[in-house]
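To be precise, the following lines are query10.txt, and they hold compact mmCIF, C-alpha atoms.
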# COMPACT_ATOMS: atom_id res chain seq x y z
CA MET A 1 -135.78 87.15 -64.44
CA GLY A 2 -139.10 85.44 -63.80
CA LYS A 3 -140.80 84.84 -60.48
CA GLY A 4 -139.65 81.22 -60.40
CA ALA A 5 -136.11 82.51 -60.01
CA LEU A 6 -137.04 83.55 -56.49
CA VAL A 7 -137.11 79.94 -55.40
CA ARG A 8 -134.84 78.38 -58.04
CA LEU A 9 -131.77 80.42 -57.23
CA PRO A 10 -131.95 80.03 -53.45
CA LEU A 11 -132.10 76.26 -53.99
CA LEU A 12 -129.09 76.42 -56.30
CA ALA A 13 -127.27 78.53 -53.70
CA LEU A 14 -127.97 75.99 -50.97
CA LEU A 15 -126.48 73.29 -53.19
CA ALA A 16 -123.26 75.26 -53.74
CA ARG A 17 -122.00 73.96 -50.42
CA GLY A 18 -122.55 70.30 -51.28
CA PRO A 19 -125.15 67.76 -52.41
CA ALA A 20 -128.45 67.50 -50.55
CA HIS A 21 -131.93 66.03 -50.95
CA GLY A 22 -135.20 67.97 -51.17
CA TYR A 23 -136.23 67.75 -47.56
CA GLU A 24 -132.82 68.91 -46.32
CA LEU A 25 -133.07 71.94 -48.60
CA LYS A 26 -136.46 72.81 -47.17
CA GLN A 27 -135.10 72.62 -43.65
CA ASP A 28 -132.05 74.72 -44.53
CA LEU A 29 -134.28 77.40 -45.97
CA GLU A 30 -136.52 77.44 -42.90
CA GLN A 31 -133.64 77.68 -40.53
CA LEU A 32 -132.02 80.50 -42.45
CA LEU A 33 -135.05 82.69 -43.01
CA GLY A 34 -137.08 82.08 -39.89
CA SER A 35 -140.81 81.87 -39.46
CA ALA A 36 -141.46 85.31 -40.96
CA TYR A 37 -140.91 84.14 -44.49
CA PRO A 38 -143.75 82.15 -46.02
CA GLN A 39 -141.88 79.02 -47.00
CA PRO A 40 -142.37 77.02 -50.18
CA ASN A 41 -143.91 73.67 -49.38
CA ILE A 42 -142.10 70.44 -50.04
CA GLY A 43 -144.11 69.91 -53.23
CA GLN A 44 -142.94 73.24 -54.67
CA ILE A 45 -139.38 72.33 -53.80
CA TYR A 46 -139.56 68.99 -55.61
CA VAL A 47 -141.17 70.58 -58.65
CA THR A 48 -138.49 73.27 -58.77
CA LEU A 49 -135.71 70.71 -58.35
CA GLY A 50 -137.22 68.76 -61.25
CA ARG A 51 -137.11 71.86 -63.44
CA LEU A 52 -133.56 72.67 -62.44
CA GLU A 53 -132.52 69.15 -63.33
CA LYS A 54 -134.22 69.37 -66.72
CA THR A 55 -132.34 72.57 -67.55
CA GLY A 56 -129.05 70.96 -66.52
CA LEU A 57 -128.29 73.27 -63.59
CA ILE A 58 -128.31 70.37 -61.14
CA GLU A 59 -128.13 66.61 -61.45
CA GLY A 60 -129.90 64.10 -59.30
CA GLU A 61 -128.85 60.66 -58.22
CA GLU A 62 -131.21 58.05 -56.79
CA VAL A 63 -129.99 56.61 -53.54
CA GLU A 64 -131.50 53.38 -52.26
CA GLN A 65 -132.78 53.31 -48.71
CA SER A 66 -133.33 50.01 -46.97
CA SER A 67 -136.78 50.47 -45.49
CA ARG A 68 -138.07 53.53 -47.37
CA PRO A 69 -138.47 54.63 -50.98
CA ASN A 70 -135.39 55.83 -52.81
CA LYS A 71 -134.37 59.41 -52.24
CA LYS A 72 -132.75 61.65 -54.75
CA ILE A 73 -129.58 63.53 -53.90
CA TYR A 74 -128.97 66.64 -55.98
CA ARG A 75 -125.66 68.28 -56.81
CA LEU A 76 -124.83 71.52 -58.58
CA THR A 77 -123.45 71.21 -62.14
CA GLU A 78 -120.89 73.51 -63.75
CA ALA A 79 -123.76 75.24 -65.55
CA GLY A 80 -125.54 75.67 -62.21
CA ARG A 81 -122.46 77.22 -60.64
CA GLU A 82 -122.21 79.58 -63.60
CA ALA A 83 -125.91 80.55 -63.19
CA LEU A 84 -125.24 81.35 -59.52
CA ASN A 85 -122.26 83.49 -60.45
CA VAL A 86 -124.43 85.44 -62.86
CA TRP A 87 -127.09 85.80 -60.14
CA PHE A 88 -124.64 87.27 -57.66
CA GLU A 89 -123.18 89.57 -60.33
CA GLU A 90 -126.56 91.09 -61.20
CA THR A 91 -128.18 93.77 -59.07
CA ALA A 92 -131.77 93.13 -58.09
CA ASP A 93 -134.72 95.09 -59.52
CA GLU A 94 -136.01 97.85 -57.26
CA PRO A 95 -139.45 97.34 -55.77
CA ARG A 96 -142.24 99.07 -57.64
CA VAL A 97 -144.95 101.43 -56.57
CA ARG A 98 -148.16 99.59 -55.72
CA ASP A 99 -149.59 99.72 -59.22
CA ASP A 100 -153.06 98.49 -58.41
CA PHE A 101 -153.69 101.03 -55.72
CA PHE A 102 -152.17 103.77 -57.85
CA MET A 103 -154.53 102.96 -60.71
CA LYS A 104 -157.53 103.13 -58.39
CA LEU A 105 -156.34 106.48 -57.08
CA ALA A 106 -155.70 107.85 -60.55
CA LEU A 107 -158.99 106.67 -62.02
CA ALA A 108 -161.39 107.18 -59.12
CA PRO A 109 -162.37 110.78 -60.02
CA ARG A 110 -163.24 109.80 -63.60
CA THR A 111 -165.59 107.06 -62.51
CA GLY A 112 -167.42 108.94 -59.80
CA LEU A 113 -167.58 105.59 -58.01
CA ALA A 114 -164.97 106.16 -55.31
CA ASP A 115 -163.50 109.02 -53.33
CA GLN A 116 -159.72 109.38 -53.39
CA ILE A 117 -159.34 110.30 -49.73
CA THR A 118 -161.51 107.34 -48.73
CA LEU A 119 -159.29 105.10 -50.83
CA ILE A 120 -156.17 106.49 -49.16
CA ASN A 121 -157.61 106.07 -45.68
CA ARG A 122 -158.64 102.50 -46.36
CA GLN A 123 -155.25 101.66 -47.81
CA ARG A 124 -153.52 103.23 -44.83
CA ARG A 125 -155.50 101.06 -42.44
CA GLN A 126 -154.41 98.00 -44.36
CA TYR A 127 -150.73 99.03 -44.21
CA LEU A 128 -150.95 99.87 -40.52
CA ASN A 129 -152.48 96.49 -39.75
CA THR A 130 -149.73 94.78 -41.73
CA MET A 131 -147.15 96.88 -39.90
CA ARG A 132 -148.63 95.75 -36.61
CA ALA A 133 -148.54 92.12 -37.70
CA LEU A 134 -144.90 92.52 -38.73
CA SER A 135 -144.06 94.02 -35.32
CA LYS A 136 -145.61 90.98 -33.71
CA LEU A 137 -143.69 88.64 -35.97
CA ALA A 138 -140.48 90.45 -35.08
CA ALA A 139 -141.26 90.10 -31.40
CA ALA A 140 -141.96 86.38 -31.82
CA GLU A 141 -138.91 85.61 -33.98
CA ASP A 142 -135.81 84.13 -32.40
CA ARG A 143 -133.66 87.09 -31.32
CA ASP A 144 -130.48 85.52 -32.65
CA ASN A 145 -131.76 84.99 -36.17
CA ARG A 146 -130.32 88.16 -37.64
CA ILE A 147 -131.24 87.28 -41.21
CA ALA A 148 -134.91 86.83 -40.27
CA HIS A 149 -134.93 90.12 -38.36
CA LEU A 150 -133.34 91.98 -41.25
CA LEU A 151 -136.00 90.58 -43.54
CA ILE A 152 -138.82 91.80 -41.30
CA GLU A 153 -137.14 95.16 -40.86
CA GLY A 154 -136.86 95.48 -44.63
CA ALA A 155 -140.56 94.78 -45.02
CA MET A 156 -141.34 97.38 -42.36
CA LEU A 157 -139.21 100.02 -44.01
CA HIS A 158 -140.93 99.37 -47.35
CA LEU A 159 -144.29 99.77 -45.64
CA GLN A 160 -143.09 102.95 -43.97
CA ALA A 161 -142.23 104.30 -47.42
CA ASP A 162 -145.66 103.28 -48.74
CA LEU A 163 -147.28 105.08 -45.81
CA ASP A 164 -145.16 108.19 -46.40
CA TRP A 165 -146.26 108.14 -50.01
CA LEU A 166 -149.93 107.86 -48.99
CA GLU A 167 -149.35 110.90 -46.82
CA ARG A 168 -147.99 112.81 -49.83
CA CYS A 169 -151.00 111.76 -51.91
CA GLN A 170 -153.33 112.94 -49.19
CA GLU A 171 -151.58 116.31 -48.85
CA GLU A 172 -151.71 116.90 -52.59
CA LEU A 173 -155.23 115.69 -53.22
CA GLU A 174 -156.86 117.39 -50.25
CA ASP A 175 -155.61 120.77 -51.50
CA THR A 176 -157.36 120.39 -54.82
CA GLU A 177 -160.74 119.56 -53.34
CA MET B 1 -173.56 106.99 -24.83
CA SER B 2 -174.76 107.54 -21.26
CA ASP B 3 -174.19 103.97 -20.09
CA ARG B 4 -170.61 104.01 -21.30
CA PRO B 5 -167.85 104.66 -18.78
CA THR B 6 -166.62 108.25 -18.68
CA PRO B 7 -163.68 108.61 -21.07
CA LEU B 8 -160.34 109.34 -19.43
CA LEU B 9 -159.83 112.19 -21.86
CA ARG B 10 -162.37 114.05 -23.94
CA ALA B 11 -161.60 116.98 -26.19
CA GLN B 12 -164.29 118.89 -28.05
CA GLY B 13 -163.92 121.50 -30.75
CA LEU B 14 -160.27 122.21 -30.03
CA VAL B 15 -158.82 125.09 -32.05
CA LYS B 16 -155.34 126.54 -31.80
CA THR B 17 -153.71 129.08 -34.09
CA HIS B 18 -150.06 130.04 -33.73
CA HIS B 19 -149.19 133.63 -34.52
CA GLY B 20 -145.65 133.80 -35.87
CA ASP B 21 -143.59 135.94 -38.21
CA GLY B 22 -144.95 134.13 -41.23
CA GLY B 23 -148.54 134.96 -40.35
CA PRO B 24 -151.08 132.84 -38.48
CA VAL B 25 -150.72 129.05 -38.61
CA ARG B 26 -153.90 127.15 -37.89
CA ALA B 27 -152.27 124.18 -36.15
CA VAL B 28 -155.43 122.58 -34.73
CA ARG B 29 -158.69 123.28 -36.53
CA GLY B 30 -161.57 121.75 -34.69
CA VAL B 31 -160.68 118.43 -33.07
CA ASP B 32 -163.03 116.11 -31.21
CA LEU B 33 -161.29 113.23 -29.53
CA SER B 34 -162.19 110.75 -26.84
CA VAL B 35 -159.76 108.34 -25.19
CA ARG B 36 -161.00 105.50 -23.04
CA GLN B 37 -159.25 104.12 -20.01
CA GLY B 38 -156.62 101.58 -21.10
CA GLU B 39 -156.47 102.65 -24.74
CA PHE B 40 -153.23 103.14 -26.64
CA VAL B 41 -153.89 105.81 -29.25
CA ALA B 42 -151.26 106.82 -31.79
CA VAL B 43 -151.59 110.11 -33.65
CA THR B 44 -149.61 110.20 -36.88
CA GLY B 45 -149.26 112.60 -39.74
CA PRO B 46 -146.70 114.67 -41.63
CA SER B 47 -144.54 117.17 -39.76
CA GLY B 48 -146.33 120.47 -39.45
CA ALA B 49 -149.73 118.81 -39.36
CA GLY B 50 -150.26 120.10 -35.83
CA LYS B 51 -150.08 116.81 -33.98
CA SER B 52 -147.56 118.04 -31.39
CA THR B 53 -149.69 121.12 -30.78
CA LEU B 54 -152.65 118.80 -30.20
CA LEU B 55 -150.66 116.84 -27.62
CA HIS B 56 -149.56 120.04 -25.90
CA LEU B 57 -153.18 121.13 -25.66
CA LEU B 58 -154.14 117.76 -24.14
CA GLY B 59 -151.40 118.11 -21.51
CA GLY B 60 -152.20 121.75 -20.73
CA LEU B 61 -148.79 122.89 -21.99
CA GLN B 62 -150.62 125.23 -24.37
CA ARG B 63 -154.13 126.64 -24.15
CA PRO B 64 -156.67 126.24 -26.91
CA ASP B 65 -158.21 129.33 -28.54
CA SER B 66 -161.52 127.57 -28.19
CA GLY B 67 -162.87 124.17 -27.30
CA SER B 68 -162.81 122.16 -24.11
CA ILE B 69 -160.91 119.31 -22.49
CA HIS B 70 -162.32 116.99 -19.87
CA LEU B 71 -160.06 114.74 -17.81
CA ALA B 72 -161.93 111.80 -16.29
CA GLY B 73 -165.14 113.76 -16.65
CA GLU B 74 -163.78 116.94 -15.07
CA SER B 75 -163.70 120.12 -17.13
CA THR B 76 -160.30 121.82 -17.30
CA ASP B 77 -161.76 125.07 -18.61
CA GLY B 78 -161.09 127.10 -15.52
CA TYR B 79 -157.68 125.57 -14.76
CA SER B 80 -154.88 127.99 -13.82
CA GLU B 81 -151.27 127.29 -14.82
CA ALA B 82 -150.64 126.03 -11.30
CA ARG B 83 -153.60 123.67 -11.48
CA TRP B 84 -152.35 122.23 -14.75
CA ALA B 85 -148.89 121.81 -13.25
CA VAL B 86 -150.39 119.76 -10.43
CA LYS B 87 -152.35 117.69 -12.98
CA ARG B 88 -149.17 116.98 -14.90
CA ARG B 89 -147.41 115.96 -11.74
CA LYS B 90 -150.02 113.44 -10.64
CA HIS B 91 -152.36 112.56 -13.47
CA ILE B 92 -150.55 113.10 -16.74
CA GLY B 93 -147.03 111.84 -17.46
CA ILE B 94 -145.32 113.34 -20.51
CA VAL B 95 -142.26 112.22 -22.49
CA PHE B 96 -140.74 114.43 -25.17
CA GLN B 97 -138.54 113.93 -28.22
CA PHE B 98 -135.51 115.52 -26.55
CA PHE B 99 -136.05 113.90 -23.14
CA ASN B 100 -136.02 117.25 -21.23
CA LEU B 101 -134.15 115.77 -18.29
CA VAL B 102 -132.65 118.14 -15.72
CA SER B 103 -129.03 118.05 -16.85
CA ASP B 104 -127.42 118.82 -13.48
CA LEU B 105 -129.41 116.24 -11.55
CA SER B 106 -128.47 112.56 -11.41
CA VAL B 107 -130.66 109.91 -13.00
CA ALA B 108 -132.02 108.96 -9.56
CA ASP B 109 -132.90 112.56 -8.70
CA ASN B 110 -134.52 113.17 -12.08
CA VAL B 111 -136.86 110.26 -11.48
CA GLU B 112 -137.55 110.95 -7.79
CA LEU B 113 -138.11 114.68 -8.12
CA PRO B 114 -141.70 114.56 -9.45
CA ALA B 115 -142.62 112.06 -6.74
CA LEU B 116 -141.20 114.29 -4.02
CA LEU B 117 -142.94 117.33 -5.51
CA ALA B 118 -146.18 115.39 -5.40
CA GLY B 119 -145.73 114.83 -1.68
CA VAL B 120 -144.60 111.21 -1.77
CA PRO B 121 -142.44 110.43 1.29
CA PRO B 122 -138.70 110.17 0.34
CA LYS B 123 -138.50 106.48 1.20
CA ARG B 124 -141.43 105.61 -1.03
CA ALA B 125 -140.08 107.85 -3.80
CA ARG B 126 -136.78 105.97 -3.67
CA ALA B 127 -138.51 102.61 -3.74
CA ARG B 128 -140.57 103.60 -6.78
CA ARG B 129 -137.49 104.94 -8.52
CA GLU B 130 -135.58 101.71 -7.86
CA GLU B 131 -138.44 99.64 -9.16
CA LEU B 132 -138.84 101.67 -12.35
CA LEU B 133 -135.12 101.83 -13.12
CA ALA B 134 -134.88 98.07 -12.70
CA GLU B 135 -137.90 97.61 -14.94
CA LEU B 136 -136.28 99.83 -17.60
CA SER B 137 -132.89 98.07 -17.35
CA LEU B 138 -131.22 101.14 -15.87
CA THR B 139 -130.06 99.67 -12.59
CA GLY B 140 -126.49 100.86 -11.98
CA LYS B 141 -127.09 104.18 -13.75
CA GLU B 142 -128.61 105.90 -10.69
CA ASN B 143 -125.66 108.18 -10.12
CA SER B 144 -124.96 108.94 -13.78
CA MET B 145 -125.72 112.38 -15.14
CA PRO B 146 -128.08 112.53 -18.14
CA GLY B 147 -125.27 113.76 -20.40
CA GLU B 148 -123.34 110.55 -19.77
CA LEU B 149 -126.13 108.36 -21.11
CA SER B 150 -127.04 107.35 -24.67
CA GLY B 151 -130.19 108.79 -26.22
CA GLY B 152 -132.05 105.53 -25.68
CA GLU B 153 -131.07 105.46 -22.00
CA GLN B 154 -132.06 109.09 -21.51
CA GLN B 155 -135.46 108.37 -23.00
CA ARG B 156 -135.91 105.46 -20.61
CA VAL B 157 -135.06 107.75 -17.70
CA ALA B 158 -137.63 110.22 -19.04
CA LEU B 159 -140.17 107.41 -19.19
CA ALA B 160 -139.41 106.45 -15.58
CA ARG B 161 -139.82 110.07 -14.56
CA ALA B 162 -143.13 110.32 -16.39
CA LEU B 163 -144.48 107.18 -14.73
CA VAL B 164 -143.15 107.60 -11.19
CA ASN B 165 -146.46 108.99 -9.89
CA HIS B 166 -148.50 106.29 -11.67
CA PRO B 167 -150.39 108.82 -13.82
CA PRO B 168 -153.60 107.50 -15.41
CA LEU B 169 -152.57 109.11 -18.71
CA LEU B 170 -149.21 109.02 -20.48
CA LEU B 171 -148.61 111.49 -23.31
CA ALA B 172 -145.63 110.84 -25.59
CA ASP B 173 -144.49 113.41 -28.14
CA GLU B 174 -142.24 111.80 -30.79
CA PRO B 175 -140.51 109.75 -28.07
CA ALA B 176 -138.28 108.01 -30.63
CA GLY B 177 -137.77 111.08 -32.80
CA SER B 178 -134.12 111.46 -31.89
CA LEU B 179 -133.30 107.77 -31.46
CA ASP B 180 -131.80 105.25 -33.87
CA SER B 181 -133.63 102.16 -35.06
CA LYS B 182 -132.62 100.12 -32.03
CA GLY B 183 -133.72 102.86 -29.63
CA THR B 184 -137.03 103.11 -31.49
CA ARG B 185 -137.67 99.39 -31.06
CA GLU B 186 -136.85 99.69 -27.37
CA VAL B 187 -139.31 102.56 -26.85
CA MET B 188 -141.93 100.62 -28.78
CA ARG B 189 -141.41 97.53 -26.65
CA LEU B 190 -141.65 99.50 -23.41
CA LEU B 191 -144.76 101.46 -24.37
CA SER B 192 -146.43 98.19 -25.39
CA ARG B 193 -145.47 96.61 -22.11
CA PHE B 194 -146.89 99.44 -19.97
CA HIS B 195 -149.99 99.45 -22.15
CA ARG B 196 -150.54 95.73 -21.57
CA ARG B 197 -150.57 96.49 -17.86
CA GLY B 198 -153.36 98.97 -18.37
CA GLN B 199 -151.54 102.24 -18.96
CA THR B 200 -153.54 104.66 -21.11
CA ILE B 201 -151.25 106.19 -23.74
CA VAL B 202 -151.58 108.92 -26.34
CA LEU B 203 -148.56 108.86 -28.62
CA VAL B 204 -147.70 111.39 -31.31
CA THR B 205 -145.30 110.06 -33.93
CA HIS B 206 -144.51 110.29 -37.63
CA ASP B 207 -143.03 106.77 -37.43
CA ALA B 208 -145.56 104.19 -38.63
CA ARG B 209 -143.69 101.37 -36.92
CA LEU B 210 -144.11 103.07 -33.59
CA ALA B 211 -147.71 104.03 -34.39
CA SER B 212 -148.58 100.41 -35.14
CA ALA B 213 -147.87 99.56 -31.50
CA GLY B 214 -151.09 101.42 -30.68
CA ASP B 215 -154.47 99.75 -30.88
CA ARG B 216 -155.97 102.83 -32.48
CA VAL B 217 -154.32 105.11 -35.02
CA ILE B 218 -155.50 108.63 -35.75
CA SER B 219 -154.24 110.19 -38.98
CA PHE B 220 -153.80 113.88 -38.52
CA PHE B 221 -153.66 116.22 -41.51
CA ASP B 222 -153.60 119.94 -41.63
CA GLY B 223 -154.92 120.39 -38.12
CA ARG B 224 -157.75 117.90 -38.44
CA ILE B 225 -158.44 114.22 -37.91
CA ALA B 226 -158.52 112.60 -41.35
CA ASP B 227 -159.04 109.04 -40.14
CA ASP B 228 -159.48 107.24 -36.85
CA ALA B 229 -158.89 103.50 -37.11
CA GLU B 230 -158.88 100.60 -34.68
CA LEU B 231 -156.10 98.20 -35.64
CA THR B 232 -156.70 94.48 -35.65
CA SER B 233 -154.78 92.67 -32.99
CA GLY B 234 -154.31 89.23 -34.44
CA ALA B 235 -151.08 88.47 -36.21
CA PRO B 236 -151.48 84.81 -37.24
CA GLN B 237 -154.48 85.06 -39.53
CA VAL B 238 -153.14 88.20 -41.21
CA ARG B 239 -150.01 86.30 -42.03
CA ARG B 240 -151.26 84.47 -45.08
CA THR B 241 -152.97 87.39 -46.75
CA GLY B 242 -151.63 90.66 -45.40
CA ILE B 243 -147.98 90.00 -45.01
CA SER B 244 -147.52 87.67 -47.90
CA GLY B 245 -147.64 90.68 -50.20
CA VAL B 246 -144.68 92.12 -48.39
CA LEU B 247 -142.76 89.00 -47.55
CA GLU B 248 -143.18 86.36 -50.15
CA LEU B 249 -141.24 83.65 -51.80
CA LYS B 250 -142.99 82.84 -55.03
CA ASP B 251 -142.66 80.11 -57.55
Would you write out, as structure tokens, the structure that this file holds?
Amino acid sequence: MGKGALVRLPLLALLARGPAHGYELKQDLEQLLGSAYPQPNIGQIYVTLGRLEKTGLIEGEEVEQSSRPNKKIYRLTEAGREALNVWFEETADEPRVRDDFFMKLALAPRTGLADQITLINRQRRQYLNTMRALSKLAAAEDRDNRIAHLLIEGAMLHLQADLDWLERCQEELEDTE
Amino acid sequence: MSDRPTPLLRAQGLVKTHHGDGGPVRAVRGVDLSVRQGEFVAVTGPSGAGKSTLLHLLGGLQRPDSGSIHLAGESTDGYSEARWAVKRRKHIGIVFQFFNLVSDLSVADNVELPALLAGVPPKRARARREELLAELSLTGKENSMPGELSGGEQQRVALARALVNHPPLLLADEPAGSLDSKGTREVMRLLSRFHRRGQTIVLVTHDARLASAGDRVISFFDGRIADDAELTSGAPQVRRTGISGVLELKD
């Protein structure tokens, strides 16, 4: 499943309840996920809707508006509903180890250009700063938006795991020095 | 260096080796550390790295094999046990992982006791206790016994007890170590709040979430400081770059 699926399928899912136009979908997404989630802009939403229509997962209908340009109302097709069923049936891929950092760590000694412990310390600072920013986001988010809070908590737990792993790297690599 | 204000806490060349059945463990191997008034310093690292030992040295709960500790410019080298006990009553508040409340005293008495021991008149001690318990959302629990409270509530009582004499320095040793996720968030929120009001805090924790509440994070490995980093305080500008790698909806 490609990256585009990350925005295509949520849009399909929002349409499962009933037809809607692009701007409504954007608002639904914002309300559900809260401010913590970088939202696709309206342009991305229209582009994605266009693609979904082309592949037959949704169909659009132009609706005339008296004083403004026509708007397009989208509805889910049978094929779209089937794609959603498949989506819910599948389990999601597990997150991967930070490959780029890992490559730096693995290759640093061969290049003589960087010190592994310095790399780890720098990376840790980055994670800690992100953790701090996430804490602030959590504090600023509407208390009642449980979905948004779960999202932030998930990001924090991932970071915690990344930090634990850095700790392991440091323990191992300091011994060999 | 000389025109800077005297640090609230300054440790130089601290060394501590534990002698146990498994042979000597070099828990702290030469630590220099300076904490300014109003700072919130988190010390993190794997378990067994010696970070709790470091905190115990800073609070006078254990004595270093060598090295020195200055509190607000004053050397503690010649301190007796009794002198340290007085320091801990008035100048250093400490909270522990397992709360260490007196189990057969009520919540109110647990909080008032250090104030009374420090010579605060009973009426004032009661007023301070009432204020702190209200602040920590514990009003109504005055007559409860510690065993009747949840872990999170017990830790809040311990925090009230640690702060009742308005100590310049608060030491916290894994304060969320035996709490669930909700209790951890609560401790984090409270430490941040007291810090915003100027409380100097040194926190030892293996929990990065808790550590990120500090404005400076020291990574402790194998008895030594591996890194000492000031965290950035701004959330908004980090949002586009830093967090988007963690929280992102891509197309």
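CA of Glu39 in chain B is found 11.0 Å from CA of Arg197 in chain B.
Restricting the calculation to all atoms listed in the file, the smallest distance between Lys87 in chain B and any of B:Gly67, B:Pro168, B:Ala125, B:Ala27 is found for B:Pro168.
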Expected answer as a VMD selection string: chain A residues within 10 Å of chain B, all atoms listed in the file: chain A and resid 2 to 8 36 to 40 44 to 45 47 to 48 117 to 118 120 to 122 124 to 137 139 151 to 161 163 to 164 167 to 168 170 to 171 174
Taking 3 positions as the minimum chain separation for residues in the same chain, which residues sit within 8 Å of range 53-63 of chain B when counting all atoms listed in the file? Answer as a VMD selection string. chain B and resid 11 16 27 to 28 50 69 84 88 92 94 171 173 204
Give me the residues near Val111 in chain B as a PyMOL selection string, where near means some atom within 10 Å (using all atoms listed in the file) and where sequence neighbours in that chain fewer than 5 positions away do not count. chain B and resi 101-102+105-106+116+125-126+128-130+132-133+142+157-165
Find, counting all atoms listed in the file, the residue in B:Glu112, B:Glu81, B:Asp21, B:Glu74 that gets nearest to Leu8 in chain B. B:Glu74
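Going from CA of Arg81 in chain A to CA of Gly22 in chain A covers 18.4 Å.
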